[in-house]
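A.B. asks: Okay, handing you the structure first.
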Amino acid sequence: MIDQRLVRDNPEVIAQQLKRRGKSIDLTGLQLIARQQRGLEEERSTLQADGNRIGKEVGVKIKAGADPKGDEVAALRLHGNAIKQKVAVFEEEEKALSSQLRDQLLSLPNLPSPLCPDGKDEHDNVEVRRWGTPRIEEGLEEHWQIAQRLNLFDTERSVRIAQSRFVTLMGQGARLERALINFMLDLHTSKGYREVMPPVLVNTASLTGSGQLPKFAEESFRCADDDLWLTPTAEVPVTSLHRDEIIPADQLPLRYSAYSPCFRREAGSYGRDTRGLIRLHQFNKVELYWFVHPDQSEEAHQQITADAEAVLQALDLPYRVLDLCTGDLGFSAQRTYDLEVWLPGAGAFREISSCSVCGDFQARRSAIRTKNGKQTQLVHTLNGSGLAVGRTMAALLETGQQSDGSILLPKPLVPYVGFERLQPE
RNA sequence: GGAGAGGUGGCUGAGUGGUUGAAAGCGGCUCCCUGCUAAGGAGUUACAGGCGGCAACGCUUGUCGAGGGUUCGAAUCCCUCCCUCUCCGCCA
């Protein structure tokens, strides 16, 4: 959420920054609401101060021996009642304005960082570096072909169990998925991340706190009878780990690595990635999440990205890093690095991690602050996939394919999986 | 699902109508003392909004789970809701 003081005092700054995202928003209405609200607040609190004074006066007089039913006290009561009525009128108006203001503010995306490259859509993203040598060959299979051939999952039966876009991993496939989760968590915890396994059902406040609501309700699965949703990413529960908290400055940065299944409706992606592990309603992800002092988010962003890259490097998977342009930035992000892994079978780079710095955007929505001496201030938050597990498996399958049809796994993974290569069972 | 108890500041925990944003303790911060030192003393310390000030800070409003109500005045009384804990039942 954007600071409402900015809306009041410098709405043109917001408009200008949101324009970089490709959104032209007229904020004069919102500014008016914000200013009216503040005006009412001023009048109301002055009145309330009068009312409080009368209340005290009555108490003092009665204690001093005045007749509680005498004229003097009765006059004060009358005055108190009059004030009360006026306050009620102001209050009602003020509340209406406040909730309007809040609703609209919650629907505004974060302002892009000044460092974020300007651009319209994904074509304007800036490649900042590459790692590894992409395997480019004719005749390589795509991961879903390999998975089918090696019997790693069952998609048809998954429709019976659930729907399309669900997958049931089996045998070596299930084993590999599990190994990858462990591998990633071990790698991150060895660098000081605290491991987290959060609830995957989250309430509305949690989804609002990290920015998925109110705008993206149609992307999440909801439990109709409860105030609960299936989490689209561990970023949601981990943000709310510290919702409404003041974190002592000496505890920052807090760095978490959370495994969770993730659930997304993928509304509006009908024809795309219908086969395999790329786009599913349910997938596994290991998420990295930082709460940092506001001065440190810039360096933290570099570090969290490096920590995500470390997984790809350990698995020997070539990738490139994109600095997302303003037009491609997610709702809560200020700046984002996407990691795209090379898929030799598909012959393309594919997003496997998204590392974002959100500034105080989520912290303000979630009331997460830190305190240094007397000063209370909002923390900054960062998140990054470390990594999307299904897509990692896809990359491993395509990268490790051998001429005999087996799949060679990277060495560091072997102790986790229990075998060196996947082959027909 | 049944019965009961309870939700108060960063934490523990007092407080049942009057100047209480709230005792005490812990923790934090500042300063002091120091030959009895894994110590002692003094002070300070909630959050959010608004106004004033370059600032230190001052003034003011709201907040004792949430929302309503009674009252000149509510942490305290009434109503509704939410949540937590304990016991019983059921169950991974």
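Following the order of the structure tokens, chains are lettered A, B, ..., residues in each are numbered from 1, and ligands are numbered from 1.
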If we count only C-alpha atoms (C1' of nucleotides), what is near A75 (chain B) at a cut-off of 12 Å, once residues fewer than 4 positions away on the same chain are taken out, given as an mmCIF file with N, CA and C atoms (P, O5', C5', C4', C3', O3' and C1' of nucleotides), in the first residue's frame?
C.D. replies:
data_model
loop_
_atom_site.group_PDB
_atom_site.id
_atom_site.type_symbol
_atom_site.label_atom_id
_atom_site.label_comp_id
_atom_site.auth_asym_id
_atom_site.auth_seq_id
_atom_site.Cartn_x
_atom_site.Cartn_y
_atom_site.Cartn_z
ATOM 1 P P G B 7 -9.184 -11.731 30.188
ATOM 2 O "O5'" G B 7 -8.110 -12.171 29.109
ATOM 3 C "C5'" G B 7 -7.310 -11.215 28.425
ATOM 4 C "C4'" G B 7 -7.215 -11.602 26.962
ATOM 5 C "C3'" G B 7 -7.171 -10.400 26.024
ATOM 6 O "O3'" G B 7 -5.917 -10.374 25.347
ATOM 7 C "C1'" G B 7 -8.750 -12.054 25.290
ATOM 8 P P U B 8 -4.617 -9.954 26.037
ATOM 9 O "O5'" U B 8 -5.026 -8.527 26.575
ATOM 10 C "C5'" U B 8 -5.191 -7.440 25.659
ATOM 11 C "C4'" U B 8 -5.086 -6.141 26.387
ATOM 12 C "C3'" U B 8 -3.674 -5.736 26.804
ATOM 13 O "O3'" U B 8 -2.985 -5.075 25.754
ATOM 14 C "C1'" U B 8 -5.158 -5.454 28.632
ATOM 15 P P A B 14 -3.298 -11.487 36.904
ATOM 16 O "O5'" A B 14 -3.118 -10.061 37.601
ATOM 17 C "C5'" A B 14 -4.239 -9.255 37.798
ATOM 18 C "C4'" A B 14 -3.850 -8.023 38.556
ATOM 19 C "C3'" A B 14 -4.990 -7.032 38.734
ATOM 20 O "O3'" A B 14 -5.780 -7.382 39.850
ATOM 21 C "C1'" A B 14 -3.060 -5.900 37.984
ATOM 22 P P G B 15 -7.318 -7.706 39.651
ATOM 23 O "O5'" G B 15 -7.860 -6.277 39.215
ATOM 24 C "C5'" G B 15 -7.749 -5.176 40.113
ATOM 25 C "C4'" G B 15 -7.772 -3.884 39.351
ATOM 26 C "C3'" G B 15 -9.056 -3.599 38.581
ATOM 27 O "O3'" G B 15 -10.053 -3.063 39.443
ATOM 28 C "C1'" G B 15 -7.184 -3.109 37.223
ATOM 29 P P U B 16 -11.458 -3.790 39.654
ATOM 30 O "O5'" U B 16 -12.363 -2.537 40.009
ATOM 31 C "C5'" U B 16 -12.690 -1.544 39.053
ATOM 32 C "C4'" U B 16 -14.107 -1.768 38.503
ATOM 33 C "C3'" U B 16 -15.136 -2.024 39.606
ATOM 34 O "O3'" U B 16 -15.644 -0.768 40.055
ATOM 35 C "C1'" U B 16 -15.371 -3.575 37.773
ATOM 36 P P G B 17 -17.008 -0.070 40.021
ATOM 37 O "O5'" G B 17 -17.213 0.885 38.753
ATOM 38 C "C5'" G B 17 -16.334 0.934 37.649
ATOM 39 C "C4'" G B 17 -16.469 2.270 36.977
ATOM 40 C "C3'" G B 17 -16.520 3.488 37.872
ATOM 41 O "O3'" G B 17 -15.361 4.265 37.614
ATOM 42 C "C1'" G B 17 -18.011 3.689 36.032
ATOM 43 P P U B 20 -5.581 10.150 36.259
ATOM 44 O "O5'" U B 20 -5.418 8.784 35.471
ATOM 45 C "C5'" U B 20 -5.090 8.792 34.075
ATOM 46 C "C4'" U B 20 -5.721 7.577 33.421
ATOM 47 C "C3'" U B 20 -7.244 7.575 33.473
ATOM 48 O "O3'" U B 20 -7.883 7.781 32.234
ATOM 49 C "C1'" U B 20 -6.313 5.481 34.236
ATOM 50 P P G B 21 -7.326 7.890 30.854
ATOM 51 O "O5'" G B 21 -6.053 6.935 30.640
ATOM 52 C "C5'" G B 21 -5.060 7.371 29.800
ATOM 53 C "C4'" G B 21 -3.801 6.549 29.972
ATOM 54 C "C3'" G B 21 -2.605 7.185 29.279
ATOM 55 O "O3'" G B 21 -1.382 6.924 29.936
ATOM 56 C "C1'" G B 21 -3.018 5.053 28.389
ATOM 57 P P A B 22 -1.388 6.782 31.602
ATOM 58 O "O5'" A B 22 -1.970 5.337 31.962
ATOM 59 C "C5'" A B 22 -1.675 4.841 33.241
ATOM 60 C "C4'" A B 22 -2.411 3.579 33.544
ATOM 61 C "C3'" A B 22 -1.535 2.323 33.515
ATOM 62 O "O3'" A B 22 -0.820 2.198 34.726
ATOM 63 C "C1'" A B 22 -3.581 1.900 32.410
ATOM 64 P P U B 63 -11.535 5.015 21.651
ATOM 65 O "O5'" U B 63 -10.402 3.901 21.483
ATOM 66 C "C5'" U B 63 -10.526 2.909 20.477
ATOM 67 C "C4'" U B 63 -9.244 2.141 20.339
ATOM 68 C "C3'" U B 63 -8.763 1.437 21.601
ATOM 69 O "O3'" U B 63 -9.425 0.203 21.787
ATOM 70 C "C1'" U B 63 -6.954 2.547 20.580
ATOM 71 P P C B 64 -9.937 -0.181 23.246
ATOM 72 O "O5'" C B 64 -8.604 -0.762 23.884
ATOM 73 C "C5'" C B 64 -7.931 -1.888 23.318
ATOM 74 C "C4'" C B 64 -7.482 -2.789 24.448
ATOM 75 C "C3'" C B 64 -8.617 -3.563 25.108
ATOM 76 O "O3'" C B 64 -8.325 -4.939 24.971
ATOM 77 C "C1'" C B 64 -7.326 -2.352 26.722
#
A.B. asks: Near chain A, which residues of chain B fall within 12 Å when you count only C-alpha atoms (C1' of nucleotides), and what do they look like as an MDAnalysis selection string?
C.D. replies: chainID B and resid 10 17:19 27:30 44:51 59:62 71:74 82
A.B. asks: CA of Pro214 (chain A) and CA of Gln104 (chain A), how far apart in Å?
C.D. replies: 9.8 Å
A.B. asks: Can you list, as a ChimeraX atom specification, all residues belonging to region 10-219 of chain A that DSSP tags as alpha helix (DSSP H)?
C.D. replies: /A:11-20,28-63,71-106,143-149,156-161,172-189,204-210
A.B. asks: Given the choices A:Ala174, A:Val126, A:Val87, A:Ala310, which gets closest to Lys191 (chain A) if the distance is worked out from only C-alpha atoms?
C.D. replies: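 Between A:Ala174, A:Val126, A:Val87, A:Ala310, the residue approaching Lys191 (chain A) most closely is A:Ala310.
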A.B. asks: Could you give me, as a Markdown table, every region 78-163 of chain A residue with an atom at most 8 Å from region 272-296 of chain A, plus its closest atom pair and distance in Å to one decimal, counting only C-alpha atoms, rows ordered by chain then number?
C.D. replies:
| residue | atom | partner | partner_atom | distance |
| --- | --- | --- | --- | --- |
| A:His143 | CA | A:Gly276 | CA | 7.0 |
| A:Trp144 | CA | A:Gly276 | CA | 4.6 |
| A:Ala147 | CA | A:Gly276 | CA | 7.9 |
A.B. asks: Could you please take those selected residues and save all heavy atoms as a PDB file, in the first residue's frame?
C.D. replies:
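Below is the file that was written, result10.pdb:
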ATOM      1  N   HIS A 143      10.364 -31.934 -21.616  1.00  0.00           N
ATOM      2  CA  HIS A 143      10.318 -32.621 -20.328  1.00  0.00           C
ATOM      3  C   HIS A 143       9.083 -33.507 -20.171  1.00  0.00           C
ATOM      4  O   HIS A 143       9.137 -34.567 -19.580  1.00  0.00           O
ATOM      5  CB  HIS A 143      10.395 -31.607 -19.180  1.00  0.00           C
ATOM      6  CG  HIS A 143       9.090 -30.951 -18.884  1.00  0.00           C
ATOM      7  ND1 HIS A 143       8.636 -29.847 -19.544  1.00  0.00           N
ATOM      8  CD2 HIS A 143       8.125 -31.284 -17.997  1.00  0.00           C
ATOM      9  CE1 HIS A 143       7.445 -29.508 -19.067  1.00  0.00           C
ATOM     10  NE2 HIS A 143       7.116 -30.355 -18.140  1.00  0.00           N
ATOM     11  N   TRP A 144       7.964 -33.077 -20.738  1.00  0.00           N
ATOM     12  CA  TRP A 144       6.749 -33.867 -20.566  1.00  0.00           C
ATOM     13  C   TRP A 144       6.821 -35.167 -21.355  1.00  0.00           C
ATOM     14  O   TRP A 144       6.255 -36.182 -20.960  1.00  0.00           O
ATOM     15  CB  TRP A 144       5.497 -33.060 -20.925  1.00  0.00           C
ATOM     16  CG  TRP A 144       5.514 -32.444 -22.297  1.00  0.00           C
ATOM     17  CD1 TRP A 144       5.979 -31.217 -22.629  1.00  0.00           C
ATOM     18  CD2 TRP A 144       5.067 -33.050 -23.504  1.00  0.00           C
ATOM     19  NE1 TRP A 144       5.858 -30.999 -23.968  1.00  0.00           N
ATOM     20  CE2 TRP A 144       5.291 -32.105 -24.543  1.00  0.00           C
ATOM     21  CE3 TRP A 144       4.487 -34.287 -23.842  1.00  0.00           C
ATOM     22  CZ2 TRP A 144       4.959 -32.365 -25.872  1.00  0.00           C
ATOM     23  CZ3 TRP A 144       4.163 -34.534 -25.163  1.00  0.00           C
ATOM     24  CH2 TRP A 144       4.395 -33.582 -26.159  1.00  0.00           C
ATOM     25  N   ALA A 147       8.998 -37.336 -19.205  1.00  0.00           N
ATOM     26  CA  ALA A 147       8.257 -37.766 -18.023  1.00  0.00           C
ATOM     27  C   ALA A 147       7.279 -38.878 -18.369  1.00  0.00           C
ATOM     28  O   ALA A 147       7.105 -39.832 -17.615  1.00  0.00           O
ATOM     29  CB  ALA A 147       7.520 -36.577 -17.411  1.00  0.00           C
TER      30      ALA A 147
END
A.B. asks: Compare A:His242, A:Lys411, A:His123, A:Arg129 by their minimum atom-to-atom distance to Ala363 (chain A), counting only C-alpha atoms, and give me the closest one.
C.D. replies: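 The closest residue to Ala363 (chain A) is A:His242.
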A.B. asks: Would you please extract all strand (DSSP E) residues from region 92-326 of chain A, as assigned by DSSP on the backbone, and give them as JSON, numbers by chain?
C.D. replies: {"A": [126, 127, 128, 129, 130, 131, 153, 154, 168, 169, 194, 195, 196, 201, 202, 222, 223, 228, 229, 230, 245, 246, 247, 248, 254, 255, 256, 257, 258, 259, 260, 261, 262, 263, 282, 283, 284, 285, 286, 287, 288, 289, 290, 291, 292, 319, 320, 321, 322, 323]}
A.B. asks: Write the selection just made, keeping N, CA and C atoms, as a short mmCIF file (atom, residue, chain, number, x, y, z; two decimals), in the first residue's frame?
C.D. replies:
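result.cif was written with the following content:
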data_model
loop_
_atom_site.label_atom_id
_atom_site.label_comp_id
_atom_site.auth_asym_id
_atom_site.auth_seq_id
_atom_site.Cartn_x
_atom_site.Cartn_y
_atom_site.Cartn_z
N VAL A 126 15.28 -6.35 -19.26
CA VAL A 126 16.71 -6.20 -19.56
C VAL A 126 17.49 -7.39 -19.03
N GLU A 127 18.18 -8.07 -19.94
CA GLU A 127 19.00 -9.18 -19.49
C GLU A 127 20.25 -8.62 -18.83
N VAL A 128 20.51 -9.04 -17.59
CA VAL A 128 21.67 -8.47 -16.90
C VAL A 128 22.86 -9.43 -16.86
N ARG A 129 22.61 -10.73 -16.91
CA ARG A 129 23.73 -11.67 -16.98
C ARG A 129 23.22 -13.06 -17.33
N ARG A 130 24.21 -13.90 -17.73
CA ARG A 130 23.91 -15.30 -17.99
C ARG A 130 24.88 -16.15 -17.23
N TRP A 131 24.46 -17.34 -16.94
CA TRP A 131 25.37 -18.29 -16.28
C TRP A 131 25.24 -19.63 -16.99
N PHE A 153 5.07 -39.35 -14.09
CA PHE A 153 3.80 -38.83 -13.57
C PHE A 153 2.63 -39.40 -14.34
N ASP A 154 1.45 -39.18 -13.82
CA ASP A 154 0.23 -39.63 -14.47
C ASP A 154 -0.70 -38.44 -14.58
N THR A 168 -0.05 -36.02 -10.92
CA THR A 168 0.30 -36.97 -9.87
C THR A 168 1.68 -37.51 -10.19
N LEU A 169 2.64 -37.12 -9.40
CA LEU A 169 4.00 -37.63 -9.60
C LEU A 169 4.07 -39.04 -9.06
N ARG A 194 16.16 -19.55 8.02
CA ARG A 194 15.39 -20.33 8.96
C ARG A 194 14.29 -21.05 8.20
N GLU A 195 14.22 -22.35 8.39
CA GLU A 195 13.25 -23.13 7.64
C GLU A 195 11.84 -22.96 8.19
N VAL A 196 10.90 -22.85 7.27
CA VAL A 196 9.50 -22.63 7.66
C VAL A 196 8.59 -23.55 6.86
N LEU A 201 -3.49 -22.97 3.98
CA LEU A 201 -4.75 -22.24 3.97
C LEU A 201 -4.51 -20.94 4.72
N VAL A 202 -4.84 -19.84 4.08
CA VAL A 202 -4.56 -18.55 4.69
C VAL A 202 -5.83 -17.70 4.68
N ARG A 222 -10.67 -20.49 -3.19
CA ARG A 222 -11.22 -20.07 -1.91
C ARG A 222 -12.06 -21.19 -1.29
N CYS A 223 -11.97 -21.33 0.01
CA CYS A 223 -12.84 -22.26 0.72
C CYS A 223 -14.12 -21.52 1.05
N LEU A 228 -11.01 -18.63 4.39
CA LEU A 228 -9.71 -19.25 4.10
C LEU A 228 -9.54 -19.45 2.60
N TRP A 229 -8.30 -19.30 2.18
CA TRP A 229 -7.95 -19.46 0.77
C TRP A 229 -6.75 -20.39 0.69
N LEU A 230 -6.61 -21.08 -0.44
CA LEU A 230 -5.39 -21.85 -0.67
C LEU A 230 -4.30 -20.88 -1.08
N GLU A 245 3.40 -6.81 13.93
CA GLU A 245 4.48 -6.92 14.91
C GLU A 245 5.47 -5.78 14.77
N ILE A 246 6.16 -5.55 15.87
CA ILE A 246 7.31 -4.64 15.83
C ILE A 246 8.53 -5.52 16.07
N ILE A 247 9.38 -5.60 15.07
CA ILE A 247 10.55 -6.47 15.16
C ILE A 247 11.73 -5.63 15.66
N PRO A 248 12.34 -6.03 16.79
CA PRO A 248 13.49 -5.27 17.29
C PRO A 248 14.57 -5.19 16.21
N LEU A 254 15.57 -10.74 9.08
CA LEU A 254 15.02 -12.08 9.28
C LEU A 254 14.96 -12.74 7.91
N ARG A 255 15.55 -13.91 7.82
CA ARG A 255 15.58 -14.59 6.52
C ARG A 255 14.95 -15.97 6.65
N TYR A 256 13.91 -16.20 5.90
CA TYR A 256 13.18 -17.46 5.97
C TYR A 256 13.23 -18.19 4.64
N SER A 257 13.26 -19.50 4.75
CA SER A 257 13.12 -20.32 3.57
C SER A 257 11.95 -21.25 3.83
N ALA A 258 10.90 -21.09 3.03
CA ALA A 258 9.66 -21.81 3.30
C ALA A 258 9.30 -22.72 2.14
N TYR A 259 9.08 -23.97 2.46
CA TYR A 259 8.51 -24.86 1.46
C TYR A 259 7.00 -24.85 1.60
N SER A 260 6.30 -24.79 0.48
CA SER A 260 4.85 -25.01 0.52
C SER A 260 4.37 -25.42 -0.86
N PRO A 261 3.30 -26.18 -0.89
CA PRO A 261 2.60 -26.30 -2.17
C PRO A 261 1.92 -24.98 -2.47
N CYS A 262 1.74 -24.66 -3.73
CA CYS A 262 1.14 -23.39 -4.12
C CYS A 262 -0.04 -23.67 -5.05
N PHE A 263 -1.07 -22.87 -4.92
CA PHE A 263 -2.30 -23.12 -5.66
C PHE A 263 -2.71 -21.89 -6.44
N GLN A 282 -1.63 -26.72 -8.91
CA GLN A 282 -0.91 -27.01 -7.66
C GLN A 282 0.53 -27.35 -7.99
N PHE A 283 1.45 -26.66 -7.34
CA PHE A 283 2.86 -26.99 -7.56
C PHE A 283 3.64 -26.70 -6.28
N ASN A 284 4.81 -27.27 -6.21
CA ASN A 284 5.64 -27.08 -5.02
C ASN A 284 6.64 -25.97 -5.26
N LYS A 285 6.92 -25.24 -4.19
CA LYS A 285 7.90 -24.17 -4.32
C LYS A 285 8.62 -23.99 -2.99
N VAL A 286 9.90 -23.73 -3.08
CA VAL A 286 10.66 -23.30 -1.91
C VAL A 286 10.87 -21.81 -2.07
N GLU A 287 10.41 -21.07 -1.09
CA GLU A 287 10.42 -19.62 -1.19
C GLU A 287 11.44 -19.02 -0.23
N LEU A 288 12.12 -17.98 -0.69
CA LEU A 288 13.01 -17.22 0.20
C LEU A 288 12.31 -15.92 0.56
N TYR A 289 12.44 -15.53 1.82
CA TYR A 289 11.74 -14.31 2.23
C TYR A 289 12.57 -13.57 3.26
N TRP A 290 12.74 -12.27 3.04
CA TRP A 290 13.51 -11.44 3.98
C TRP A 290 12.67 -10.30 4.54
N PHE A 291 12.84 -10.06 5.82
CA PHE A 291 12.39 -8.81 6.43
C PHE A 291 13.66 -8.03 6.75
N VAL A 292 13.80 -6.84 6.20
CA VAL A 292 15.05 -6.10 6.41
C VAL A 292 14.79 -4.67 6.89
N TYR A 319 21.23 -20.48 -16.94
CA TYR A 319 20.08 -19.56 -16.80
C TYR A 319 20.52 -18.16 -17.16
N ARG A 320 19.53 -17.29 -17.26
CA ARG A 320 19.83 -15.87 -17.42
C ARG A 320 19.01 -15.08 -16.41
N VAL A 321 19.48 -13.89 -16.14
CA VAL A 321 18.82 -13.03 -15.17
C VAL A 321 18.25 -11.82 -15.89
N LEU A 322 16.96 -11.57 -15.69
CA LEU A 322 16.32 -10.42 -16.30
C LEU A 322 15.95 -9.40 -15.23
N ASP A 323 16.21 -8.17 -15.53
CA ASP A 323 15.75 -7.05 -14.71
C ASP A 323 14.41 -6.65 -15.31
#
A.B. asks: By how many Å are CA of Arg365 (chain A) and CA of Gln31 (chain A) apart?
C.D. replies: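 Spanning CA of Arg365 (chain A) to CA of Gln31 (chain A) is a straight-line distance of 19.3 Å.
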A.B. asks: May I have the residues within 6 Å of region 116-119 of chain A as a ChimeraX atom specification, using only C-alpha atoms (C1' of nucleotides) and disregarding those fewer than 2 positions away in the same chain?
C.D. replies: /A:113-114,124,325-327,335
A.B. asks: Using C-alpha atoms, can you export the residues from the last selection as a PDB file, in the first residue's frame?
C.D. replies:
ATOM      1  CA  SER A 113      12.033   1.617  -8.029  1.00  0.00           C
ATOM      2  CA  PRO A 114      13.987   4.377  -9.762  1.00  0.00           C
ATOM      3  CA  ASP A 124      11.434  -4.651 -22.638  1.00  0.00           C
ATOM      4  CA  CYS A 325      10.852  -3.534 -16.808  1.00  0.00           C
ATOM      5  CA  THR A 326       8.229  -1.366 -15.134  1.00  0.00           C
ATOM      6  CA  GLY A 327       5.464  -2.725 -17.355  1.00  0.00           C
ATOM      7  CA  ARG A 335      11.897  -4.113  -8.644  1.00  0.00           C
TER       8      ARG A 335
END
